[in-house]
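First comes the structure, then the notes that go with it.
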Amino acid sequence: MMSTAEYLESPAQAAERALALLVRGGGLSAAAVWGLSGVTWQRLASLGAADGLPSADALASGRLPGPDGGALALRMADNTVGWLVWRGQAPAEAADIAALLGGHLYCAALRGEQSAARLANETMLEISLLAGECASLDRLLPRLHKLMQRLMDASNFAIALYGDDGASLHFPFYVDRRDPAPPSPQAMLPLDDGHAALAAWLLRGGKPMVLTGERIAELCRDEKLAQPAVLPAFWMGAPLVNADGNPIGAVMLHAYEDQAALTSSEQLLFMFAARHVGFALDRVLYRSQLERQVWLRTCELEGANARLRAEVASRKQVEKFQNALFRIAELSNSSLSLEAFLSGLHRLLSEMVSARNCVVALYDKLSDRITFPYCADEYVEVLHPRKPAQGYIEQVLHSGRPLLVDPYSQVPAAVEDGGVKPQSWLGVPLYCDHELLGVLAVQSYDGEVSYNFRDQEVLEFVANNIGAALARVRALESLQQAYAELEQRVRERTSELDAVNAQLEFDSLHDPLTKLPNRNYFAKALHRAWEGFVAGSGDRFALLFIDLDRFKLVNDTLGHLAGDHLLFEAGARIRSCLRHYDFLARLGGDEFAVVMFGMQGPEDCEIIARRIVREFERPVILAGREVFSTASVGVVLADRDHYRNADELLRDADHAMYCTKQQGRQGYTLFSHQLRIDQADQLALETELRRALEEDKQLIPYYQPFIDAKTGKLSGFETLVRWQHPQRGLIPPALFLPMAEESGLINRLDRYMVNAACAQLQAWRAEGRVGEHISLHINLSSANFHDPDLVAWIGGRIAHYQLPPAMLHLEITESALIDQPETAATVMQALHGLGVKLALDDFGTGYSALSYLHRYRFDVLKIDQSFVFDLDRKEESAAIVRAILALARALDLDVVAEGVETAAQLAMLQEMGCSKLQGFYFAAPAPAHGLDWERLARFEQEIRSAA
């Protein structure tokens, strides 16, 4: 039985001990223990042929091993924390062992939760203390970001704050490894800007939000928000509030496809941390705002005294004018006739302006006549229509601007229709929808009454209401005609709308380029096929996921038009390989998918998959040249036992396609149970690699020396990574390096190796083992060219370890130059500026190596070992090596030959003039403590004696 002290073991060790206890009882042929890790089940230990036993998900759904086995749920505190499952006859103490094992798993879970809670509490305390330590946002925000990084992956993190106007946002802190144009910290962005749209929408809701990439795209479309420049796969944000509960901004975090989304516990922790961040920001902002508010308040009080005195003096007169203007606006919206409206308007106008004499004149362009629908004059009773003359009304009609005439104005005197010259005259134009209709004029025959610009403003307001009334009259006249025209247009538009709706329905379900069904249409068809298969009303089917190889190269080389032609031709070729009732769709980019009905077994699927692969062996004519673009195919067969919905089928078909690409492309892979196991193992290996990057003893640098071909002296080392796993043993790089590339861990791994190699080189120099003529080669992945801090970080390592920069040689593969040509050139130029040397690795195996030598600046070429291996066997390999060496001499480049394993290869490379050699002939890669320095020193004597 298990003792109390044994609860300190790890869950896996406890599970192995429990199985060992069960085996002592005899009668078991296979057994396994499952434990709950977060929200997923993990097999902690197994015995015998455990792969045939049910999984934890199957046990939870009621599936048991069968009559010859059994299973026990490991429970503690009414929670199922694991399963014990076996085949054979279990001993009588199985239940006791299960109870103790359940307690151990429950305690391990509690310890993990306690550790996470302690870290969260310490971080929240540090966030709260930051407000007192930092006097400005420039010092506060970077330290806040580092604390958030401690809790979760916050590599893409931003804080947005309201501007002073409350209608804009600015981002005092914004980090995003993919955003091509991050916002300036001081820039005030409108709420509909691409960077600020999601933050503004979050603040309007007032609640924390967690969104997927699809939901963001849908939200931007539905809410008409500006979509971010680079769409994330996962986005989470929370409002920031001050001590009074008022929003001051938002904190946001997002991840892209190569990053894992936050777990539910991390999301809750993020929401909790947002409150502390808001309070810390509020305290810092409050100090700066307080001084500004005091100054503004002082200015406001001084101005308020002056305004108050002026307002008291004019308030009574303003109230009188406002009342009259309100009644004028109310009168203009009434249903009175035009004559009654103008009469009432004149009466109200007289309350504000001396308007005893008032005239409304309208001009008709067709008849070229001026009419007078309203006239009130002490000398004239009626004004008759007339042709335009030289009066004041004609001057206003001609200029379209107000005219003020008084005894002091420079306007030539004119006698109006009454025959009596006015002492002061004021007229303003009447407009209706920017069309000049006529003139509203008032005049005075009394020398003591003179109009001014204040009277002109009042008259212009009244003129606007007259224009609105005239527009209402015109609208009534044209309404009947509009009704008739509208009925005719409705009939025409109805027929057009039917045709447009049919076209829209087709466009919404089909790809505009290939005319194949699109992703939405395919998703509906796949779900219908799955539902029919599950219900038993439909046939069994298979799903094919097809991706064109090297499509990006064709697109970048020949242009987008050639790429579109290739996609159209690819759709036609795939269609020719299918039966008439199979469903083909383009999912987007160079990805296609097929639902094949009536599939009874894997053999039926493989026939069509092979047919599609063979179809792409023929060239495609693009822009007058032959282009080969092969296809990688993933196949999955519908199965009720292993799948719960159609989306899981699409996921596994996609995974099978990527397996094909990893195996060399141009082929197909049928998804199997083993692939599912490998997929789960890869996820576990990724998690373990993340832990290994945080430790110092698992990832070990190995060093393989370079030998000078002429002198035999040691000239350098290449640094290679090895993973000494505590349970799995030594894991080869070919297994975990591709996984690191896909998961985004390669940047951290490269930085780990650069730092470890620089530290070792410093130690060798301190011991006197190497001089400045020794070069240290370190591989640099293409993913590092996304990192804007790469050059500064490498410069910092060189300065930290006090190394001559020329000793450091960074090896770059062709993939970095293909994926990011412009960025690669910029980064390489910056590295050269530090004094670091650059080497082109695996030279001669790519597609465009010569163009890279022409475009980029390299210091060293490394001849791929595939040419060196056949150097003394094939004349072709020898010719290629001679050509590379001649090219290097012409470009003044150093050369390293990889893979030297025999004396014959050494002699031929020396005869060809290769400067440096590397391979197992001299030494195998070994850790620093395993290098044989005496044997390396003997090569100088051996090569001299051979010469």
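By order in the structure tokens, chains are A, B, ...; within a chain, residues start at 1; ligands start at 1, following the order shown.
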- Shell of 9 Å around Pro705 (chain A), only C-alpha atoms, local chain residues under 5 positions omitted, as a ChimeraX atom specification: /A:714-718,917-919,922-925,936
Could you write those residues out with N, CA and C atoms, as an mmCIF file, in the first residue's frame?
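Writing done, so here's part.cif:
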```
data_model
loop_
_atom_site.group_PDB
_atom_site.id
_atom_site.type_symbol
_atom_site.label_atom_id
_atom_site.label_comp_id
_atom_site.auth_asym_id
_atom_site.auth_seq_id
_atom_site.Cartn_x
_atom_site.Cartn_y
_atom_site.Cartn_z
ATOM 1 N N LEU A 714 42.878 24.117 -35.908
ATOM 2 C CA LEU A 714 41.467 24.316 -35.552
ATOM 3 C C LEU A 714 41.072 25.738 -35.941
ATOM 4 N N SER A 715 39.985 25.885 -36.741
ATOM 5 C CA SER A 715 39.574 27.210 -37.211
ATOM 6 C C SER A 715 38.209 27.620 -36.703
ATOM 7 N N GLY A 716 37.453 26.700 -36.089
ATOM 8 C CA GLY A 716 36.147 27.111 -35.578
ATOM 9 C C GLY A 716 35.296 25.937 -35.159
ATOM 10 N N PHE A 717 34.083 26.245 -34.721
ATOM 11 C CA PHE A 717 33.113 25.241 -34.301
ATOM 12 C C PHE A 717 31.740 25.609 -34.857
ATOM 13 N N GLU A 718 30.945 24.568 -35.085
ATOM 14 C CA GLU A 718 29.515 24.786 -35.353
ATOM 15 C C GLU A 718 28.745 24.317 -34.120
ATOM 16 N N LEU A 917 37.218 22.498 -43.434
ATOM 17 C CA LEU A 917 36.574 21.191 -43.529
ATOM 18 C C LEU A 917 35.879 20.890 -42.210
ATOM 19 N N GLN A 918 34.771 20.129 -42.319
ATOM 20 C CA GLN A 918 33.988 19.752 -41.134
ATOM 21 C C GLN A 918 33.414 18.365 -41.371
ATOM 22 N N GLY A 919 33.461 17.495 -40.382
ATOM 23 C CA GLY A 919 32.874 16.177 -40.546
ATOM 24 C C GLY A 919 33.338 15.212 -39.482
ATOM 25 N N PHE A 922 37.082 14.227 -38.596
ATOM 26 C CA PHE A 922 37.845 14.976 -37.598
ATOM 27 C C PHE A 922 37.258 14.775 -36.201
ATOM 28 N N ALA A 923 35.958 14.941 -36.058
ATOM 29 C CA ALA A 923 35.328 14.768 -34.741
ATOM 30 C C ALA A 923 33.820 14.794 -34.910
ATOM 31 N N ALA A 924 33.153 14.001 -34.085
ATOM 32 C CA ALA A 924 31.693 14.030 -34.050
ATOM 33 C C ALA A 924 31.249 15.168 -33.131
ATOM 34 N N PRO A 925 30.034 15.679 -33.306
ATOM 35 C CA PRO A 925 29.541 16.709 -32.385
ATOM 36 C C PRO A 925 29.561 16.195 -30.943
ATOM 37 N N LEU A 936 42.343 17.159 -31.659
ATOM 38 C CA LEU A 936 42.213 18.259 -32.618
ATOM 39 C C LEU A 936 43.574 18.886 -32.902
#
```
- Query: Which polymer residues have any atom within 12 Å of an atom of Leu720 (chain A), counting only C-alpha atoms, with same-chain residues fewer than 4 positions away left out, as an MDAnalysis selection string?
  - Reply: chainID A and resid 699:705 732:734 737 749:750 752:754 756:757 776:780 811 924:928
Selected residues, C-alpha atoms, written as a PDB file, in the first residue's frame, please.
```
ATOM      1  CA  LEU A 699      18.960  21.695 -24.023  1.00  0.00           C
ATOM      2  CA  ILE A 700      22.677  21.084 -24.446  1.00  0.00           C
ATOM      3  CA  PRO A 701      24.930  22.773 -27.048  1.00  0.00           C
ATOM      4  CA  TYR A 702      27.087  20.287 -29.004  1.00  0.00           C
ATOM      5  CA  TYR A 703      30.135  21.526 -30.884  1.00  0.00           C
ATOM      6  CA  GLN A 704      31.653  20.121 -34.098  1.00  0.00           C
ATOM      7  CA  PRO A 705      35.043  21.599 -35.086  1.00  0.00           C
ATOM      8  CA  PRO A 732      17.257  14.038 -32.088  1.00  0.00           C
ATOM      9  CA  PRO A 733      16.896  17.538 -33.565  1.00  0.00           C
ATOM     10  CA  ALA A 734      14.952  16.170 -36.549  1.00  0.00           C
ATOM     11  CA  LEU A 737      13.107  21.289 -34.450  1.00  0.00           C
ATOM     12  CA  LEU A 749      15.382  28.136 -28.854  1.00  0.00           C
ATOM     13  CA  ASP A 750      17.736  30.097 -31.132  1.00  0.00           C
ATOM     14  CA  TYR A 752      18.917  30.059 -25.896  1.00  0.00           C
ATOM     15  CA  MET A 753      21.603  28.523 -28.142  1.00  0.00           C
ATOM     16  CA  VAL A 754      23.188  31.882 -29.069  1.00  0.00           C
ATOM     17  CA  ALA A 756      24.831  29.401 -24.372  1.00  0.00           C
ATOM     18  CA  ALA A 757      27.351  29.368 -27.246  1.00  0.00           C
ATOM     19  CA  LEU A 776      31.739  30.081 -33.792  1.00  0.00           C
ATOM     20  CA  HIS A 777      28.905  29.120 -36.191  1.00  0.00           C
ATOM     21  CA  ILE A 778      25.312  29.220 -34.864  1.00  0.00           C
ATOM     22  CA  ASN A 779      22.195  28.346 -36.888  1.00  0.00           C
ATOM     23  CA  LEU A 780      19.547  31.088 -37.172  1.00  0.00           C
ATOM     24  CA  GLU A 811      24.253  30.391 -40.483  1.00  0.00           C
ATOM     25  CA  ALA A 924      31.693  14.030 -34.050  1.00  0.00           C
ATOM     26  CA  PRO A 925      29.541  16.709 -32.385  1.00  0.00           C
ATOM     27  CA  ALA A 926      30.094  16.631 -28.648  1.00  0.00           C
ATOM     28  CA  PRO A 927      29.290  18.762 -25.603  1.00  0.00           C
ATOM     29  CA  ALA A 928      31.932  21.218 -24.431  1.00  0.00           C
TER      30      ALA A 928
END
```
- Task: Skip region 28-43 of chain A itself and residues of its chain fewer than 6 positions away, then list as a ChimeraX atom specification all residues within 10 Å of it, counting only C-alpha atoms.
- Result: /A:11-12,14-16,18-19,22,49-57,68-74,80-91,98,101-102,105-106,109,263-265,680,684
Could you write those residues out with N, CA and C atoms, as a compact mmCIF listing (two decimals), in the first residue's frame?
```
# COMPACT_ATOMS: atom_id res chain seq x y z
N PRO A 11 2.44 12.87 -10.34
CA PRO A 11 1.33 11.98 -10.71
C PRO A 11 1.78 10.78 -11.53
N ALA A 12 2.74 10.97 -12.44
CA ALA A 12 3.20 9.85 -13.27
C ALA A 12 3.91 8.80 -12.41
N ALA A 14 3.47 8.27 -9.20
CA ALA A 14 2.46 7.61 -8.37
C ALA A 14 1.67 6.58 -9.17
N ALA A 15 1.37 6.91 -10.43
CA ALA A 15 0.62 5.98 -11.27
C ALA A 15 1.45 4.72 -11.54
N GLU A 16 2.74 4.89 -11.81
CA GLU A 16 3.59 3.71 -12.04
C GLU A 16 3.67 2.84 -10.78
N ALA A 18 1.38 2.60 -8.46
CA ALA A 18 0.10 1.94 -8.27
C ALA A 18 -0.01 0.72 -9.19
N LEU A 19 0.42 0.84 -10.45
CA LEU A 19 0.38 -0.30 -11.36
C LEU A 19 1.30 -1.42 -10.87
N LEU A 22 -0.52 -3.31 -8.28
CA LEU A 22 -1.56 -4.17 -8.86
C LEU A 22 -0.95 -5.42 -9.48
N ALA A 49 -0.25 -4.33 -23.06
CA ALA A 49 -0.86 -3.82 -24.31
C ALA A 49 -1.96 -2.83 -23.95
N ALA A 50 -1.55 -1.68 -23.42
CA ALA A 50 -2.54 -0.70 -22.92
C ALA A 50 -3.20 0.08 -24.03
N ASP A 51 -2.65 0.04 -25.28
CA ASP A 51 -3.27 0.81 -26.36
C ASP A 51 -4.65 0.28 -26.69
N GLY A 52 -4.93 -0.93 -26.39
CA GLY A 52 -6.25 -1.49 -26.68
C GLY A 52 -7.29 -1.15 -25.64
N LEU A 53 -6.88 -0.58 -24.51
CA LEU A 53 -7.83 -0.21 -23.45
C LEU A 53 -8.55 1.09 -23.81
N PRO A 54 -9.74 1.32 -23.29
CA PRO A 54 -10.48 2.56 -23.60
C PRO A 54 -9.75 3.77 -23.05
N SER A 55 -9.95 4.92 -23.74
CA SER A 55 -9.41 6.18 -23.26
C SER A 55 -10.27 6.73 -22.14
N ALA A 56 -9.78 7.84 -21.51
CA ALA A 56 -10.53 8.46 -20.41
C ALA A 56 -11.86 9.01 -20.89
N ASP A 57 -11.88 9.58 -22.11
CA ASP A 57 -13.14 10.12 -22.64
C ASP A 57 -14.14 8.99 -22.86
N ASP A 68 -13.62 -9.13 -19.76
CA ASP A 68 -12.39 -9.63 -19.16
C ASP A 68 -11.58 -8.51 -18.50
N GLY A 69 -12.19 -7.40 -18.23
CA GLY A 69 -11.45 -6.30 -17.62
C GLY A 69 -12.35 -5.47 -16.71
N GLY A 70 -11.84 -4.34 -16.27
CA GLY A 70 -12.60 -3.47 -15.40
C GLY A 70 -12.01 -2.08 -15.36
N ALA A 71 -12.74 -1.16 -14.72
CA ALA A 71 -12.29 0.22 -14.62
C ALA A 71 -12.84 0.82 -13.33
N LEU A 72 -12.03 1.68 -12.71
CA LEU A 72 -12.44 2.39 -11.50
C LEU A 72 -12.17 3.88 -11.69
N ALA A 73 -13.17 4.71 -11.34
CA ALA A 73 -12.99 6.16 -11.37
C ALA A 73 -12.21 6.60 -10.14
N LEU A 74 -11.19 7.41 -10.34
CA LEU A 74 -10.38 7.95 -9.23
C LEU A 74 -11.04 9.25 -8.79
N THR A 80 -14.13 13.63 -10.21
CA THR A 80 -13.40 12.56 -10.90
C THR A 80 -12.09 13.14 -11.40
N VAL A 81 -10.97 12.68 -10.83
CA VAL A 81 -9.66 13.23 -11.19
C VAL A 81 -8.84 12.24 -12.00
N GLY A 82 -9.37 11.03 -12.25
CA GLY A 82 -8.62 10.06 -13.04
C GLY A 82 -9.39 8.75 -13.19
N TRP A 83 -8.79 7.84 -13.94
CA TRP A 83 -9.37 6.51 -14.18
C TRP A 83 -8.28 5.46 -14.07
N LEU A 84 -8.65 4.31 -13.49
CA LEU A 84 -7.79 3.13 -13.46
C LEU A 84 -8.52 2.05 -14.24
N VAL A 85 -7.91 1.57 -15.33
CA VAL A 85 -8.56 0.61 -16.21
C VAL A 85 -7.59 -0.56 -16.43
N TRP A 86 -8.16 -1.83 -16.47
CA TRP A 86 -7.29 -2.99 -16.64
C TRP A 86 -8.00 -4.07 -17.44
N ARG A 87 -7.18 -5.02 -17.88
CA ARG A 87 -7.68 -6.20 -18.55
C ARG A 87 -7.10 -7.40 -17.80
N GLY A 88 -7.96 -8.34 -17.43
CA GLY A 88 -7.54 -9.48 -16.64
C GLY A 88 -8.20 -9.45 -15.26
N GLN A 89 -7.67 -10.21 -14.32
CA GLN A 89 -8.24 -10.32 -12.98
C GLN A 89 -7.48 -9.39 -12.04
N ALA A 90 -8.18 -8.35 -11.52
CA ALA A 90 -7.55 -7.38 -10.62
C ALA A 90 -7.52 -7.93 -9.20
N PRO A 91 -6.50 -7.58 -8.41
CA PRO A 91 -6.45 -8.05 -7.02
C PRO A 91 -7.53 -7.38 -6.19
N ALA A 98 -6.89 2.50 -5.82
CA ALA A 98 -7.53 3.56 -6.60
C ALA A 98 -7.87 4.75 -5.72
N LEU A 101 -4.66 6.57 -4.93
CA LEU A 101 -4.16 7.24 -6.14
C LEU A 101 -5.01 8.46 -6.47
N GLY A 102 -6.34 8.35 -6.27
CA GLY A 102 -7.20 9.51 -6.50
C GLY A 102 -6.85 10.65 -5.56
N LEU A 105 -3.68 12.35 -6.88
CA LEU A 105 -3.93 13.23 -8.04
C LEU A 105 -4.62 14.50 -7.60
N TYR A 106 -5.55 14.37 -6.64
CA TYR A 106 -6.27 15.56 -6.17
C TYR A 106 -5.31 16.52 -5.45
N ALA A 109 -3.20 18.34 -7.99
CA ALA A 109 -3.95 19.43 -8.62
C ALA A 109 -4.04 20.63 -7.69
N THR A 263 -6.12 29.66 -21.72
CA THR A 263 -7.09 28.77 -21.09
C THR A 263 -8.12 29.60 -20.34
N SER A 264 -9.18 28.90 -19.88
CA SER A 264 -10.23 29.61 -19.15
C SER A 264 -9.69 30.23 -17.85
N SER A 265 -8.80 29.50 -17.16
CA SER A 265 -8.25 30.06 -15.93
C SER A 265 -7.37 31.27 -16.22
N ALA A 680 -1.21 13.92 -30.64
CA ALA A 680 -1.28 14.18 -29.20
C ALA A 680 0.13 14.19 -28.59
N ALA A 684 2.20 17.15 -26.48
CA ALA A 684 2.88 16.93 -25.21
C ALA A 684 4.36 17.32 -25.32
```
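The list of residues with at least one atom within 10 Å of Arg369 (chain A), based on only C-alpha atoms and without residues fewer than 6 positions apart in the same chain, reads A:Leu362, A:Tyr363, A:Pro385, A:Arg386, A:Lys387, A:Pro388.
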- Considering only C-alpha atoms, return as a PyMOL selection string whatever protein or nucleic-acid residues lie within 7 Å of Cys577 (chain A), sequence-local ones (same chain, fewer than 2 positions apart) excluded. chain A and resi 573-575+608+611-612
